[in-house]
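Step one of this worksheet: look at the structure below.
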Amino acid sequence: PAPAPAAHASASARQLLAAMTDVPALILDRRNDLLAWNPLGHALLAGHLAADGPETPAARPNLVRMLFLDQQYRALYVDWHDQAQLAVASLRLVAGRHPGDRALAELIGQLAMNSDEFSSLWARHPVRTCTSGVKQLRHPTVGMMELSFENLIIPGSSGQHLITYTAEPGSPSEAALRLLGSETAARVEGCGLH
């Protein structure tokens, strides 16, 4: 089938992201292409990438592609293998629900051609979804963090979802996230991007 038009986060979803100044948050399409992220979400997951990356559909970061092919993103995860298994299982679930999605087929093909680890996991035929949990991150700036995440489907958006990350109140992870937020806010203000 012909490629579907590029997805975009709605204006109200972008407004919600902008209002979430103390919580890392991002909006993904069903293939895990990044449609939008707030400054803290960008700093947490992909500060090594351009902040405006999600604005260009042809060059959007994709979290599954990054997990297998981007060494800096991969190094962020303490339990990379568990994350990789979950990502593949979730991608297979989406592929089963949307068998005619050309962009999804291209993503799977690219990953299979460029990552033996992806190919091996894909061949096992795992199917699973994950709506919440805990991620252990090794952030290059603020160190170790244990963050809870929520994966919330945005109704009427063809599979777009909002992911947020929070830390246990009073924990070292909350202090690290707060420090990352302060550094991010200072950088954004210094660039005149408020």
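Residue numbering restarts at 1 in every chain; chains get A, B, ... in the order shown in the structure tokens, and ligands count up from 1 in that same order.
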
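Omitting Gln110 of chain A and its sequence neighbours fewer than 5 positions away, and counting only C-alpha atoms, the residues within 9 Å are Arg65, Ala105 and Ser115 of chain A.
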
*Neighbours of Asn151 of chain A within 10 Å (only C-alpha atoms; same-chain residues fewer than 5 positions away dropped), as a ChimeraX atom specification?*
/A:25-28,130-133,161-165

Restrict the selected residues to N, CA and C atoms and save them as a PDB file, in the first residue's frame.
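Writing done, so here's again-v7.pdb:
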```
ATOM      1  N   ALA A  25       8.061  13.872  29.201  1.00  0.00           N
ATOM      2  CA  ALA A  25       6.912  13.335  28.479  1.00  0.00           C
ATOM      3  C   ALA A  25       7.158  13.402  26.983  1.00  0.00           C
ATOM      4  N   LEU A  26       6.565  12.453  26.264  1.00  0.00           N
ATOM      5  CA  LEU A  26       6.679  12.428  24.816  1.00  0.00           C
ATOM      6  C   LEU A  26       5.434  11.815  24.214  1.00  0.00           C
ATOM      7  N   ILE A  27       5.210  12.138  22.956  1.00  0.00           N
ATOM      8  CA  ILE A  27       4.094  11.563  22.209  1.00  0.00           C
ATOM      9  C   ILE A  27       4.681  10.766  21.051  1.00  0.00           C
ATOM     10  N   LEU A  28       4.215   9.516  20.950  1.00  0.00           N
ATOM     11  CA  LEU A  28       4.686   8.601  19.920  1.00  0.00           C
ATOM     12  C   LEU A  28       3.520   8.150  19.059  1.00  0.00           C
ATOM     13  N   CYS A 130       2.800  -3.147  26.948  1.00  0.00           N
ATOM     14  CA  CYS A 130       3.200  -2.677  28.267  1.00  0.00           C
ATOM     15  C   CYS A 130       2.665  -1.260  28.461  1.00  0.00           C
ATOM     16  N   THR A 131       1.854  -1.075  29.468  1.00  0.00           N
ATOM     17  CA  THR A 131       1.257   0.234  29.684  1.00  0.00           C
ATOM     18  C   THR A 131       1.856   0.985  30.859  1.00  0.00           C
ATOM     19  N   SER A 132       2.586   0.287  31.718  1.00  0.00           N
ATOM     20  CA  SER A 132       3.231   0.958  32.843  1.00  0.00           C
ATOM     21  C   SER A 132       4.338   0.067  33.369  1.00  0.00           C
ATOM     22  N   GLY A 133       5.201   0.658  34.173  1.00  0.00           N
ATOM     23  CA  GLY A 133       6.292  -0.119  34.735  1.00  0.00           C
ATOM     24  C   GLY A 133       7.380   0.779  35.264  1.00  0.00           C
ATOM     25  N   HIS A 161       0.306   7.686  21.491  1.00  0.00           N
ATOM     26  CA  HIS A 161       0.290   7.536  22.934  1.00  0.00           C
ATOM     27  C   HIS A 161       1.253   8.500  23.591  1.00  0.00           C
ATOM     28  N   LEU A 162       0.895   8.855  24.817  1.00  0.00           N
ATOM     29  CA  LEU A 162       1.670   9.768  25.643  1.00  0.00           C
ATOM     30  C   LEU A 162       2.399   8.928  26.684  1.00  0.00           C
ATOM     31  N   ILE A 163       3.696   9.131  26.798  1.00  0.00           N
ATOM     32  CA  ILE A 163       4.480   8.439  27.824  1.00  0.00           C
ATOM     33  C   ILE A 163       5.039   9.479  28.780  1.00  0.00           C
ATOM     34  N   THR A 164       4.867   9.223  30.068  1.00  0.00           N
ATOM     35  CA  THR A 164       5.399  10.102  31.101  1.00  0.00           C
ATOM     36  C   THR A 164       6.290   9.296  32.035  1.00  0.00           C
ATOM     37  N   TYR A 165       7.251   9.992  32.648  1.00  0.00           N
ATOM     38  CA  TYR A 165       8.189   9.357  33.580  1.00  0.00           C
ATOM     39  C   TYR A 165       8.171  10.136  34.892  1.00  0.00           C
TER      40      TYR A 165
END
```

*Members of segment 143-183 of chain A assigned strand (DSSP E) by DSSP, as JSON, numbers by chain*: {"A": [143, 144, 145, 146, 147, 148, 149, 150, 151, 152, 153, 161, 162, 163, 164, 165, 166]}

Could you give me, as a tab-separated table, every segment 19-38 of chain A residue with an atom at most 12 Å from segment 82-89 of chain A, plus its closest atom pair and distance in Å to one decimal, counting only C-alpha atoms, rows ordered by chain then number?
```
residue	atom	partner	partner_atom	distance
A:Arg30	CA	A:Ala87	CA	11.9
A:Arg31	CA	A:Ala87	CA	10.4
A:Asn32	CA	A:Ala87	CA	9.4
```

Resulting file, chosen residues, N, CA and C atoms, as a JSON list (two decimals), in the first residue's frame:
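Output saved as again-v3.json:
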```json
[["chain", "number", "residue", "atom", "x", "y", "z"],
["A", 30, "ARG", "N", 2.01, 4.85, 16.63],
["A", 30, "ARG", "CA", 1.95, 3.42, 16.93],
["A", 30, "ARG", "C", 3.25, 2.69, 16.62],
["A", 31, "ARG", "N", 4.09, 3.26, 15.73],
["A", 31, "ARG", "CA", 5.38, 2.64, 15.38],
["A", 31, "ARG", "C", 6.51, 3.09, 16.31],
["A", 32, "ASN", "N", 6.19, 3.95, 17.26],
["A", 32, "ASN", "CA", 7.16, 4.55, 18.19],
["A", 32, "ASN", "C", 8.02, 5.63, 17.55]]
```

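Across the model, the gap from atom CA of Pro57 of chain A to atom CA of Arg102 of chain A is 14.8 Å.
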
*Between A:Val78, A:Ala123, A:Ala58, A:Val134, which is the closest to Pro5 of chain A once you count only C-alpha atoms?*
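Under the stated criterion, the closest residue is A:Ala58.
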
*Which of segment 30-171 of chain A DSSP labels alpha helix (DSSP H), written as a ChimeraX atom specification*: /A:39-46,63-69,71-76,80-97,102-114,116-123

*By how many Å are atom CA of Ser182 of chain A and atom CA of Gln15 of chain A apart?*
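Those two atoms sit 20.6 Å apart.
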
*Just the residues within 8 Å of Glu55 of chain A, please, counting only C-alpha atoms, with nothing from its chain fewer than 5 positions along; format it as a ChimeraX atom specification.*
/A:35-36,60

*Between atom CA of Ser10 of chain A and atom CA of Leu91 of chain A, what is the spacing in Å?*
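Separation of atom CA of Leu91 of chain A and atom CA of Ser10 of chain A: 23.2 Å.
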
*Would you mind listing what lies within 12 Å of Gln71 of chain A as a count of residues only, with only C-alpha atoms counted and same-chain residues fewer than 6 positions away left out?*
5

*Skip Ser90 of chain A itself and residues of its chain fewer than 3 positions away, then list as number ranges by chain all residues within 7 Å of it, counting only C-alpha atoms.*
A: 86-87, 93-94, 127-129

Would you write out those residues with N, CA, C and O atoms, as a JSON list (two decimals), in the first residue's frame?
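Saved to out33.json:
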```json
[["chain", "number", "residue", "atom", "x", "y", "z"],
["A", 86, "LEU", "N", 10.90, -6.35, 25.28],
["A", 86, "LEU", "CA", 9.61, -5.69, 25.38],
["A", 86, "LEU", "C", 9.32, -4.87, 24.12],
["A", 86, "LEU", "O", 8.20, -4.89, 23.60],
["A", 87, "ALA", "N", 10.32, -4.17, 23.61],
["A", 87, "ALA", "CA", 10.13, -3.35, 22.40],
["A", 87, "ALA", "C", 9.74, -4.22, 21.21],
["A", 87, "ALA", "O", 8.84, -3.88, 20.44],
["A", 93, "LEU", "N", 3.04, -6.86, 18.21],
["A", 93, "LEU", "CA", 1.61, -6.67, 18.47],
["A", 93, "LEU", "C", 1.04, -5.63, 17.50],
["A", 93, "LEU", "O", -0.01, -5.84, 16.90],
["A", 94, "VAL", "N", 1.75, -4.52, 17.33],
["A", 94, "VAL", "CA", 1.30, -3.47, 16.40],
["A", 94, "VAL", "C", 1.28, -4.01, 14.98],
["A", 94, "VAL", "O", 0.35, -3.74, 14.21],
["A", 127, "VAL", "N", 4.72, -11.51, 21.60],
["A", 127, "VAL", "CA", 3.64, -10.54, 21.48],
["A", 127, "VAL", "C", 3.28, -10.08, 22.88],
["A", 127, "VAL", "O", 2.95, -10.91, 23.74],
["A", 128, "ARG", "N", 3.35, -8.77, 23.11],
["A", 128, "ARG", "CA", 3.07, -8.26, 24.45],
["A", 128, "ARG", "C", 2.91, -6.75, 24.36],
["A", 128, "ARG", "O", 3.48, -6.10, 23.51],
["A", 129, "THR", "N", 2.14, -6.22, 25.26],
["A", 129, "THR", "CA", 2.04, -4.78, 25.37],
["A", 129, "THR", "C", 2.42, -4.38, 26.79],
["A", 129, "THR", "O", 2.38, -5.21, 27.70]]
```

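Shell of Ala43 of chain A at 10 Å, with only C-alpha atoms counted and residues fewer than 5 places along the chain excluded, is Pro24, Trp37, Asn38, His48, Leu49, Ala51, His139, Thr141, Leu180, Gly181, Glu183 and Thr184 of chain A.
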